[in-house]
Structure formats: C-alpha cells, structure tokens
$ cat coords07.cif   # mmCIF, C-alpha atoms
data_my_file
loop_
_atom_site.group_PDB
_atom_site.id
_atom_site.type_symbol
_atom_site.label_atom_id
_atom_site.label_comp_id
_atom_site.auth_asym_id
_atom_site.auth_seq_id
_atom_site.Cartn_x
_atom_site.Cartn_y
_atom_site.Cartn_z
ATOM 1 C CA MET A 5 110.622 105.120 78.441
ATOM 2 C CA ASN A 6 113.901 104.521 76.597
ATOM 3 C CA GLU A 7 116.154 102.705 79.103
ATOM 4 C CA LYS A 8 119.376 104.281 77.885
ATOM 5 C CA TYR A 9 117.870 107.743 78.161
ATOM 6 C CA TYR A 10 116.346 106.898 81.535
ATOM 7 C CA TYR A 11 119.732 105.838 82.864
ATOM 8 C CA LYS A 12 121.013 109.345 82.152
ATOM 9 C CA LEU A 13 118.246 110.815 84.291
ATOM 10 C CA LYS A 14 119.616 109.081 87.364
ATOM 11 C CA LYS A 15 122.765 111.187 87.305
ATOM 12 C CA LYS A 16 122.986 114.096 89.721
ATOM 13 C CA PRO A 17 121.463 117.406 88.569
ATOM 14 C CA LYS A 18 123.805 119.849 86.856
ATOM 15 C CA ALA A 19 125.935 121.871 89.275
ATOM 16 C CA GLU A 20 124.558 125.193 88.003
ATOM 17 C CA ILE A 21 120.967 124.125 88.704
ATOM 18 C CA VAL A 22 121.884 123.094 92.254
ATOM 19 C CA ASP A 23 123.691 126.422 92.647
ATOM 20 C CA ILE A 24 120.523 128.334 91.731
ATOM 21 C CA PHE A 25 118.633 126.837 94.655
ATOM 22 C CA ASN A 26 121.551 127.004 97.069
ATOM 23 C CA ARG A 27 121.692 130.751 96.455
ATOM 24 C CA ARG A 28 117.984 131.104 97.179
ATOM 25 C CA ALA A 29 118.043 129.142 100.453
ATOM 26 C CA ASP A 30 118.825 131.930 102.958
ATOM 27 C CA THR A 31 115.993 134.209 101.785
ATOM 28 C CA PHE A 32 113.493 131.528 100.776
ATOM 29 C CA ASP A 33 111.429 131.564 103.981
ATOM 30 C CA VAL A 34 110.925 135.327 103.685
ATOM 31 C CA LEU A 35 108.599 134.707 100.726
ATOM 32 C CA PRO A 36 105.006 135.005 102.043
ATOM 33 C CA TRP A 37 103.653 132.082 100.044
ATOM 34 C CA VAL A 38 106.301 129.765 101.528
ATOM 35 C CA THR A 39 105.221 130.229 105.147
ATOM 36 C CA ASN A 40 101.718 131.799 104.996
ATOM 37 C CA ARG A 41 99.569 129.693 107.373
ATOM 38 C CA GLU A 42 96.200 130.502 105.777
ATOM 39 C CA PHE A 43 97.548 129.379 102.416
ATOM 40 C CA MET A 44 98.951 126.218 104.017
ATOM 41 C CA GLY A 45 95.629 125.585 105.733
ATOM 42 C CA ASP A 46 93.803 125.696 102.399
ATOM 43 C CA ILE A 47 96.147 123.090 100.975
ATOM 44 C CA PHE A 48 95.956 120.688 103.891
ATOM 45 C CA LYS A 49 92.182 120.818 104.166
ATOM 46 C CA VAL A 50 92.124 119.327 100.674
ATOM 47 C CA PHE A 51 94.683 116.685 101.673
ATOM 48 C CA TYR A 52 92.658 115.723 104.703
ATOM 49 C CA TYR A 53 89.362 115.350 102.814
ATOM 50 C CA PHE A 54 91.157 113.246 100.226
ATOM 51 C CA LEU A 55 92.616 110.986 102.914
ATOM 52 C CA GLU A 56 89.238 110.451 104.552
ATOM 53 C CA ASP A 57 87.957 108.950 101.288
ATOM 54 C CA TYR A 58 91.243 107.218 100.550
ATOM 55 C CA LYS A 59 91.251 105.332 103.866
ATOM 56 C CA LYS A 60 87.773 103.963 103.120
ATOM 57 C CA GLU A 61 88.950 102.527 99.785
ATOM 58 C CA SER A 62 92.502 101.412 100.603
ATOM 59 C CA ILE A 63 94.050 98.979 103.037
ATOM 60 C CA THR A 64 97.023 100.732 104.602
ATOM 61 C CA ASN A 65 98.516 100.548 108.088
ATOM 62 C CA ARG A 66 100.352 103.830 107.831
ATOM 63 C CA ILE A 67 100.216 106.757 105.418
ATOM 64 C CA ASN A 68 103.478 107.265 103.509
ATOM 65 C CA PHE A 69 103.930 110.488 101.581
ATOM 66 C CA LEU A 70 106.640 112.192 99.559
ATOM 67 C CA ASP A 71 107.319 115.932 99.280
ATOM 68 C CA VAL A 72 109.138 116.569 95.991
ATOM 69 C CA GLY A 73 111.238 119.728 96.030
ATOM 70 C CA THR A 74 110.777 120.100 99.775
ATOM 71 C CA GLY A 75 113.048 123.160 99.920
ATOM 72 C CA THR A 76 113.344 124.377 103.506
ATOM 73 C CA GLY A 77 110.891 121.722 104.716
ATOM 74 C CA GLU A 78 107.975 124.049 105.454
ATOM 75 C CA VAL A 79 105.342 121.711 103.983
ATOM 76 C CA LEU A 80 106.612 118.721 105.935
ATOM 77 C CA LYS A 81 106.822 120.762 109.148
ATOM 78 C CA TYR A 82 103.253 122.026 108.846
ATOM 79 C CA PHE A 83 101.918 118.647 107.877
ATOM 80 C CA LEU A 84 103.600 116.765 110.713
ATOM 81 C CA GLU A 85 102.628 119.406 113.300
ATOM 82 C CA MET A 86 98.980 119.852 112.415
ATOM 83 C CA TYR A 87 97.345 116.731 111.104
ATOM 84 C CA PRO A 88 98.388 113.904 113.425
ATOM 85 C CA LYS A 89 95.955 115.568 115.854
ATOM 86 C CA GLN A 90 93.129 114.648 113.466
ATOM 87 C CA GLY A 91 93.689 110.899 113.689
ATOM 88 C CA ILE A 92 94.137 109.744 110.105
ATOM 89 C CA LEU A 93 97.720 110.963 109.980
ATOM 90 C CA ARG A 94 98.740 110.120 113.528
ATOM 91 C CA ASP A 95 101.347 107.593 112.368
ATOM 92 C CA ALA A 96 102.107 109.173 108.983
ATOM 93 C CA TYR A 97 105.634 108.890 107.621
ATOM 94 C CA GLY A 98 106.936 111.666 105.396
ATOM 95 C CA GLU A 99 109.896 111.893 103.058
ATOM 96 C CA GLY A 100 111.270 115.058 101.528
ATOM 97 C CA ILE A 101 113.666 115.298 98.614
ATOM 98 C CA ASP A 102 115.441 118.290 97.126
ATOM 99 C CA ILE A 103 118.556 118.914 95.021
ATOM 100 C CA SER A 104 119.822 121.803 97.185
ATOM 101 C CA GLU A 105 121.995 120.923 100.160
ATOM 102 C CA LYS A 106 121.587 124.436 101.622
ATOM 103 C CA MET A 107 117.791 124.229 101.493
ATOM 104 C CA LEU A 108 117.971 120.831 103.181
ATOM 105 C CA LYS A 109 120.305 122.143 105.890
ATOM 106 C CA ILE A 110 117.549 124.581 106.909
ATOM 107 C CA ALA A 111 114.910 121.832 106.626
ATOM 108 C CA ASN A 112 116.969 119.564 108.893
ATOM 109 C CA LYS A 113 116.834 122.113 111.701
ATOM 110 C CA LYS A 114 113.059 122.526 111.360
ATOM 111 C CA LEU A 115 112.390 118.807 111.306
ATOM 112 C CA ASP A 116 114.864 117.622 113.933
ATOM 113 C CA SER A 117 112.237 116.614 116.524
ATOM 114 C CA PHE A 118 110.242 114.634 113.946
ATOM 115 C CA LYS A 119 113.359 112.794 112.798
ATOM 116 C CA THR A 120 113.986 111.702 116.384
ATOM 117 C CA LEU A 121 110.494 110.162 116.390
ATOM 118 C CA GLN A 122 111.275 108.442 113.061
ATOM 119 C CA ARG A 123 108.424 110.336 111.437
ATOM 120 C CA VAL A 124 110.337 111.956 108.585
ATOM 121 C CA ILE A 125 113.454 111.643 106.474
ATOM 122 C CA ILE A 126 114.904 114.105 103.992
ATOM 123 C CA SER A 127 117.596 113.540 101.389
ATOM 124 C CA GLN A 128 119.381 115.279 98.543
ATOM 125 C CA GLN A 129 117.835 113.654 95.496
ATOM 126 C CA SER A 130 115.798 114.511 92.422
ATOM 127 C CA ILE A 131 112.466 112.998 91.380
ATOM 128 C CA TYR A 132 114.293 111.060 88.659
ATOM 129 C CA GLN A 133 116.014 108.922 91.317
ATOM 130 C CA GLN A 134 112.768 107.664 92.885
ATOM 131 C CA ASP A 135 111.694 104.929 90.468
ATOM 132 C CA ILE A 136 112.756 102.004 92.669
ATOM 133 C CA LYS A 137 109.955 102.527 95.209
ATOM 134 C CA LYS A 138 107.110 101.072 93.173
ATOM 135 C CA GLU A 139 103.635 101.704 94.624
ATOM 136 C CA PHE A 140 105.070 102.882 97.941
ATOM 137 C CA TYR A 141 103.472 106.299 98.557
ATOM 138 C CA ASP A 142 99.854 107.076 99.380
ATOM 139 C CA PHE A 143 100.270 110.588 98.057
ATOM 140 C CA ILE A 144 102.917 112.902 96.633
ATOM 141 C CA ILE A 145 103.196 116.678 97.060
ATOM 142 C CA CYS A 146 104.819 119.098 94.613
ATOM 143 C CA ARG A 147 104.444 122.614 95.963
ATOM 144 C CA ASN A 148 105.853 125.223 93.588
ATOM 145 C CA SER A 149 108.503 122.809 92.353
ATOM 146 C CA PHE A 150 106.800 121.322 89.292
ATOM 147 C CA HIS A 151 107.643 124.276 87.021
ATOM 148 C CA HIS A 152 111.335 123.485 87.559
ATOM 149 C CA PHE A 153 111.041 119.894 86.265
ATOM 150 C CA GLN A 154 112.892 119.833 82.963
ATOM 151 C CA LEU A 155 111.434 116.464 81.906
ATOM 152 C CA ILE A 156 107.660 116.706 82.285
ATOM 153 C CA ASP A 157 106.629 113.306 80.919
ATOM 154 C CA GLU A 158 109.339 111.466 82.826
ATOM 155 C CA SER A 159 108.658 113.150 86.169
ATOM 156 C CA LEU A 160 104.922 112.388 85.979
ATOM 157 C CA GLU A 161 105.627 108.805 84.899
ATOM 158 C CA ILE A 162 107.951 108.220 87.852
ATOM 159 C CA MET A 163 105.474 109.735 90.325
ATOM 160 C CA TYR A 164 102.756 107.535 88.856
ATOM 161 C CA LYS A 165 104.977 104.470 89.237
ATOM 162 C CA ILE A 166 105.785 105.054 92.929
ATOM 163 C CA LEU A 167 102.171 105.902 93.850
ATOM 164 C CA LYS A 168 99.780 103.326 95.315
ATOM 165 C CA LYS A 169 96.471 102.559 93.624
ATOM 166 C CA ASN A 170 93.889 105.275 94.417
ATOM 167 C CA GLY A 171 96.719 107.511 95.639
ATOM 168 C CA ALA A 172 97.132 111.050 94.377
ATOM 169 C CA ILE A 173 99.699 113.577 93.223
ATOM 170 C CA PHE A 174 99.006 117.065 94.599
ATOM 171 C CA ILE A 175 100.599 119.763 92.457
ATOM 172 C CA ILE A 176 100.431 123.306 93.836
ATOM 173 C CA GLU A 177 101.466 125.939 91.315
ATOM 174 C CA GLY A 178 101.218 129.666 90.874
ATOM 175 C CA MET A 179 98.554 130.521 88.305
ATOM 176 C CA ALA A 180 97.545 133.480 86.227
ATOM 177 C CA PRO A 181 93.767 134.084 86.389
ATOM 178 C CA ASN A 182 93.430 133.370 82.655
ATOM 179 C CA LYS A 183 95.446 133.004 79.467
ATOM 180 C CA ASN A 184 95.236 136.717 78.620
ATOM 181 C CA THR A 185 96.843 137.770 81.899
ATOM 182 C CA LEU A 186 99.330 134.882 81.654
ATOM 183 C CA ASP A 187 100.582 136.215 78.316
ATOM 184 C CA LEU A 188 101.233 139.585 79.982
ATOM 185 C CA TRP A 189 102.882 138.087 83.110
ATOM 186 C CA LYS A 190 105.024 135.498 81.328
ATOM 187 C CA ASP A 191 107.887 137.893 80.549
ATOM 188 C CA VAL A 192 108.324 138.621 84.269
ATOM 189 C CA LEU A 193 108.437 134.904 85.113
ATOM 190 C CA LYS A 194 111.008 134.192 82.400
ATOM 191 C CA ILE A 195 113.371 136.703 83.993
ATOM 192 C CA LYS A 196 112.674 135.928 87.657
ATOM 193 C CA ASP A 197 112.306 132.141 87.657
ATOM 194 C CA VAL A 198 115.837 131.112 86.807
ATOM 195 C CA GLY A 199 115.916 127.366 86.127
ATOM 196 C CA ARG A 200 112.262 127.277 85.092
ATOM 197 C CA ASN A 201 110.993 124.927 82.380
ATOM 198 C CA ASN A 202 109.631 127.390 79.839
ATOM 199 C CA LYS A 203 107.023 124.874 78.716
ATOM 200 C CA ILE A 204 105.286 125.232 82.086
ATOM 201 C CA PHE A 205 103.252 128.418 82.312
ATOM 202 C CA LEU A 206 99.773 127.880 83.698
ATOM 203 C CA SER A 207 96.510 129.771 84.055
ATOM 204 C CA TYR A 208 93.229 128.644 85.599
ATOM 205 C CA ASP A 209 91.685 128.072 82.167
ATOM 206 C CA THR A 210 94.605 126.043 80.744
ATOM 207 C CA ILE A 211 95.435 123.679 83.648
ATOM 208 C CA GLU A 212 93.328 120.703 82.597
ATOM 209 C CA LEU A 213 94.423 120.948 78.962
ATOM 210 C CA PHE A 214 98.084 121.036 80.016
ATOM 211 C CA PHE A 215 97.917 117.973 82.259
ATOM 212 C CA SER A 216 95.734 116.044 79.812
ATOM 213 C CA LYS A 217 98.551 116.359 77.289
ATOM 214 C CA TYR A 218 101.213 114.979 79.636
ATOM 215 C CA THR A 219 99.183 112.221 81.325
ATOM 216 C CA LYS A 220 97.453 110.672 78.298
ATOM 217 C CA ASN A 221 99.531 107.464 78.630
ATOM 218 C CA LEU A 222 98.990 107.182 82.390
ATOM 219 C CA SER A 223 95.890 106.148 84.335
ATOM 220 C CA LEU A 224 95.601 109.432 86.182
ATOM 221 C CA GLU A 225 92.259 111.116 86.711
ATOM 222 C CA ILE A 226 92.543 114.905 86.592
ATOM 223 C CA ILE A 227 90.291 116.284 89.311
ATOM 224 C CA LYS A 228 89.051 119.838 88.768
ATOM 225 C CA PRO A 229 91.703 122.272 90.076
ATOM 226 C CA ILE A 230 91.021 123.998 93.393
ATOM 227 C CA ILE A 231 91.700 127.728 93.609
ATOM 228 C CA LEU A 232 93.632 128.586 96.789
ATOM 229 C CA THR A 233 93.612 131.731 98.913
ATOM 230 C CA PRO A 234 95.654 134.434 97.116
ATOM 231 C CA VAL A 235 98.742 135.520 99.047
ATOM 232 C CA THR A 236 99.642 139.210 98.990
ATOM 233 C CA MET A 237 103.342 139.882 98.594
ATOM 234 C CA LEU A 238 105.684 142.753 97.849
ATOM 235 C CA VAL A 239 107.578 142.428 94.603
ATOM 236 C CA SER A 240 110.728 143.534 96.474
ATOM 237 C CA GLN A 241 110.457 140.450 98.735
ATOM 238 C CA TRP A 242 110.044 138.231 95.711
ATOM 239 C CA LEU A 243 112.981 139.787 93.849
ATOM 240 C CA ASN A 244 115.184 139.596 96.940
ATOM 241 C CA ASN A 245 115.232 135.860 96.297
ATOM 242 C CA TYR A 246 116.702 136.332 92.792
ATOM 243 C CA PRO A 247 119.809 134.126 92.769
ATOM 244 C CA PHE A 248 122.439 135.774 90.543
ATOM 245 C CA ASN A 249 125.065 138.514 90.356
ATOM 246 C CA ASP A 250 123.236 140.511 87.657
ATOM 247 C CA LYS A 251 120.361 141.003 90.082
ATOM 248 C CA ASP A 252 120.179 144.811 89.787
ATOM 249 C CA SER A 253 119.828 144.806 86.002
ATOM 250 C CA LYS A 254 117.234 142.001 86.095
ATOM 251 C CA VAL A 255 115.242 143.758 88.813
ATOM 252 C CA GLY A 256 115.314 146.875 86.634
ATOM 253 C CA GLU A 257 113.900 144.903 83.699
ATOM 254 C CA ILE A 258 111.092 143.493 85.828
ATOM 255 C CA LEU A 259 110.168 146.889 87.291
ATOM 256 C CA GLU A 260 110.070 148.331 83.776
ATOM 257 C CA ILE A 261 107.594 145.609 82.737
ATOM 258 C CA LEU A 262 105.486 146.231 85.854
ATOM 259 C CA ASN A 263 105.394 149.962 85.096
ATOM 260 C CA LYS A 264 103.870 149.109 81.717
ATOM 261 C CA LEU A 265 101.455 146.551 83.186
ATOM 262 C CA ARG A 266 100.308 149.131 85.753
ATOM 263 C CA LYS A 267 98.640 150.973 82.886
ATOM 264 C CA LYS A 268 96.609 147.929 81.833
ATOM 265 C CA ARG A 269 93.478 148.079 83.958
ATOM 266 C CA TYR A 270 92.422 144.505 83.197
ATOM 267 C CA PHE A 271 95.763 143.132 84.435
ATOM 268 C CA VAL A 272 95.810 145.403 87.512
ATOM 269 C CA GLU A 273 92.371 144.179 88.606
ATOM 270 C CA LYS A 274 93.110 140.490 88.074
ATOM 271 C CA PHE A 275 96.550 140.512 89.740
ATOM 272 C CA GLY A 276 95.780 143.078 92.451
ATOM 273 C CA LEU A 277 98.773 145.110 91.271
ATOM 274 C CA LYS A 278 99.410 148.231 93.404
ATOM 275 C CA ARG A 279 102.308 150.629 93.312
ATOM 276 C CA ARG A 280 103.924 151.102 96.738
ATOM 277 C CA ILE A 281 106.148 154.100 97.558
ATOM 278 C CA LYS A 282 106.040 155.257 101.180
ATOM 279 C CA ASP A 283 108.202 158.347 100.699
ATOM 280 C CA PRO A 284 109.961 160.045 97.738
ATOM 281 C CA TYR A 285 113.376 158.635 98.661
ATOM 282 C CA GLU A 286 112.384 154.973 98.640
ATOM 283 C CA LYS A 287 112.817 152.735 95.657
ATOM 284 C CA GLN A 288 109.629 151.930 93.823
ATOM 285 C CA ASP A 289 107.875 148.746 94.836
ATOM 286 C CA TYR A 290 104.699 146.899 93.972
ATOM 287 C CA GLU A 291 102.188 144.810 95.838
ATOM 288 C CA ILE A 292 100.729 141.850 93.996
ATOM 289 C CA LYS A 293 98.479 138.891 94.756
ATOM 290 C CA LYS A 294 100.148 135.577 94.116
ATOM 291 C CA ARG A 295 97.394 133.246 92.950
ATOM 292 C CA SER A 296 97.764 129.485 93.114
ATOM 293 C CA ALA A 297 95.781 126.366 92.338
ATOM 294 C CA LEU A 298 95.960 122.794 93.591
ATOM 295 C CA ILE A 299 95.813 120.171 90.856
ATOM 296 C CA ILE A 300 94.943 116.604 91.905
ATOM 297 C CA LEU A 301 96.009 113.678 89.728
ATOM 298 C CA ARG A 302 94.490 110.468 91.108
ATOM 299 C CA LYS A 303 95.837 107.046 90.177
ATOM 300 C CA THR A 304 93.162 104.694 88.848
ATOM 301 C CA GLU A 305 93.093 101.169 87.402
ATOM 302 C CA ARG A 306 94.607 100.715 83.961
#
$ encode --input "coords07.cif" --output "structure tokens"
Amino acid sequence: MNEKYYYKLKKKPKAEIVDIFNRRADTFDVLPWVTNREFMGDIFKVFYYFLEDYKKESITNRINFLDVGTGTGEVLKYFLEMYPKQGILRDAYGEGIDISEKMLKIANKKLDSFKTLQRVIISQQSIYQQDIKKEFYDFIICRNSFHHFQLIDESLEIMYKILKKNGAIFIIEGMAPNKNTLDLWKDVLKIKDVGRNNKIFLSYDTIELFFSKYTKNLSLEIIKPIILTPVTMLVSQWLNNYPFNDKDSKVGEILEILNKLRKKRYFVEKFGLKRRIKDPYEKQDYEIKKRSALIILRKTER
C-alpha cells in the first residue's frame, strides 16, 4: 500500500459520515436483524465450531476478538453473555470499534458490567486506525458494516495484518437470493443505505467472486458462505432508521419501487414481499424477509 495514501486513511472519518450513524443510533436497536436472537444464534454457532478447530491448531492463552462497526454493541453483548458458558470463550477479551459516538454511548450502557470485569473495551475508531496491532486478534467480526467501508482493498488488508495465523474474518452481510433479484433490489438500497459503498452489492451467487477479486493478494481462504436464518421485518421499521431530513420524499420513492416490485412474482417469492395494510386509514407498509450470509475468510500461510 502506498505509504503517503495510507497516512491519509488514519485521519478521522468525515464529519458527515459520522453524522449519518449518529442520527441512526436512537432507532437502531428497533431493527429486527440487530437484536433477533435466533439470527444471532445462527451466527455464533458458526463462531463456536470455528473456535473448536482453531484451538486445536493454535497456541493461545486467551481468545482476543475485534468487532468492527460494533454500533450499539449488540454483537459483543450477546457474545460475552452466551459463550463463556461453553468453556472455549470463558476468558475471551473483546474489542469493539465504531465511528459514531452516539452508537457507542448506547453500547457503553449495555457492556458496563463486562467492562468492570475487564472483558471488553470499545472505542471511537475506524478500521483504518487498527494497523499497529499486528497478528493480535484470533478473529474479527464485521456484522452489516462491511458495505459501508469506502476502501475495500485497504480494509481487508488491515484486517489480514492484525489477524493471527489460522484466524478468521467473519463478514455478515445482507444478501439478495441471486443476481437477478439483486438487480431489482439495488435501487432501494441505493436510496436507503446512505453512506454505502456502491461497489458492494452482494447476492448468494456472487459472494465468492466478489471476495476473490479483493483478496487475491492476501493469503485468505474463502470458505463457502453460510446462509443464515432470514429475519422478517416491516419496511416501516427499516425506513424509520433513515437518517436525513428529506426522509418523507425518500420513503415515498422506496414505496413506489416496492409497489412495482410487488407485481413481479419472482421477486415476491424470493424476498417474501407482502403488502401490509391493517385498515384503510393506515399508511401502506410491506413485510419483507431480510436474508443474510456469513462469509468466512481464513488466514493461511503465505
């Protein structure tokens, strides 16, 4: 990586990007996929099976892990509550980083008891400020934060650098069932996901191709993506987390697109799209299944 360019990455994120996530903080935990326990359970089963194998191959006294884009700390909270009971993670140490001070304020309240036990630390930082901890973490989590990384190559390179040998990066991202449905859904995401990197739109059948492109210079094995339990959500809940003043006009645009997609049977079946109006005086709403996949990138020998 060009050192001069890399130096620029260490600067704080732009104020408007931080503002986007600060505005989303108060309604973030209302989103079903943020706090859904079945969805979380799916994710952490995979983590646990990975760690069982990892402990056999690696000499480590304590598991260290990093949650990139920790948001309101829900991943760290679940992880630290549930898996120490299983043994492998009894003494695990977690770190969470995020660029939003308001998200982290909420996370601090959730994680207060774990901080007292010196089990977790959270800080306002971006992934681009993590390069100094070479080969420190046993695994890294990116849950629904990767699509906001503006520098794909650089973020993956830094995560690779701070990961121990045989460690893994777990990337959890929303997915369209296939490229055809992704092409139809992409216009909604471009409006809703303010601050998104518009190079990162994924479907189940394009995941491996995407990550192969961005990891070709790194010794990362791409393990076949794992499809997670779909989470049913109301579009109104999702749009309630839209962060800007022109919210009404943007919501109108999205609902107009959904009205058109409702007529495409193939899309309706794949996304579980259902129109929801309880009485004639309510605003129109939709139910949809948010589908996600877990991508595992495992660090191997060069």
$ residues_around --input "coords07.cif" --residues "Ser127 of chain A" --least-positions-apart "3" --cutoff "8 Å" --atoms "all atoms listed in the file" --output "JSON, numbers by chain"
{"A": [100, 101, 102, 108]}
$ atom_distance --input "coords07.cif" --atom1 "atom CA of Arg279 of chain A" --atom2 "atom CA of His151 of chain A"
27.6 Å
$ resolve_selection --input "coords07.cif" --expression "the PyMOL selection byres ((chain A and resi 22-38) around 8)" --output "PyMOL selection string"
chain A and resi 17-21+39-40+43+75-76+78+103-107+110+198-199+235-237+241-242+244-248+294
$ resolve_selection --input "coords07.cif" --expression "the PyMOL selection byres ((chain A and resi 209) around 12)" --output "count of residues only"
23
$ residues_around --input "coords07.cif" --residues "Arg123 of chain A" --least-positions-apart "3" --cutoff "7 Å" --atoms "only C-alpha atoms" --output "PDB file with C-alpha atoms, in the frame of the given file"
ATOM      1  CA  ALA A  96     102.107 109.173 108.983  1.00  0.00           C
ATOM      2  CA  TYR A  97     105.634 108.890 107.621  1.00  0.00           C
ATOM      3  CA  GLY A  98     106.936 111.666 105.396  1.00  0.00           C
ATOM      4  CA  PHE A 118     110.242 114.634 113.946  1.00  0.00           C
ATOM      5  CA  LYS A 119     113.359 112.794 112.798  1.00  0.00           C
TER       6      LYS A 119
END
$ residues_around --input "coords07.cif" --residues "Leu70 of chain A" --least-positions-apart "6" --cutoff "10 Å" --atoms "all atoms listed in the file" --output "list of chain:residue names"
A:Leu80, A:Tyr97, A:Gly98, A:Glu99, A:Gly100, A:Ile101, A:Val124, A:Ile125, A:Ile126, A:Phe140, A:Tyr141, A:Asp142, A:Phe143, A:Ile144, A:Ile145, A:Cys146, A:Met163, A:Ile166, A:Leu167, A:Ile173
$ atom_distance --input "coords07.cif" --atom1 "atom CA of Asn263 of chain A" --atom2 "atom CA of Lys251 of chain A"
18.1 Å
$ residues_near_point --input "coords07.cif" --point "(90.9, 144.0, 93.2)" --cutoff "12 Å" --atoms "all atoms listed in the file" --output "PyMOL selection string"
chain A and resi 234+236+269-278+291-293
$ write_last_selection --input "coords07.cif" --atoms "C-alpha atoms" --output "short mmCIF file (atom, residue, chain, number, x, y, z; two decimals), in the frame of the given file"
data_model
loop_
_atom_site.label_atom_id
_atom_site.label_comp_id
_atom_site.auth_asym_id
_atom_site.auth_seq_id
_atom_site.Cartn_x
_atom_site.Cartn_y
_atom_site.Cartn_z
CA PRO A 234 95.65 134.43 97.12
CA THR A 236 99.64 139.21 98.99
CA ARG A 269 93.48 148.08 83.96
CA TYR A 270 92.42 144.50 83.20
CA PHE A 271 95.76 143.13 84.44
CA VAL A 272 95.81 145.40 87.51
CA GLU A 273 92.37 144.18 88.61
CA LYS A 274 93.11 140.49 88.07
CA PHE A 275 96.55 140.51 89.74
CA GLY A 276 95.78 143.08 92.45
CA LEU A 277 98.77 145.11 91.27
CA LYS A 278 99.41 148.23 93.40
CA GLU A 291 102.19 144.81 95.84
CA ILE A 292 100.73 141.85 94.00
CA LYS A 293 98.48 138.89 94.76
#
$ atom_distance --input "coords07.cif" --atom1 "atom CA of Trp189 of chain A" --atom2 "atom CA of Leu265 of chain A"
8.6 Å
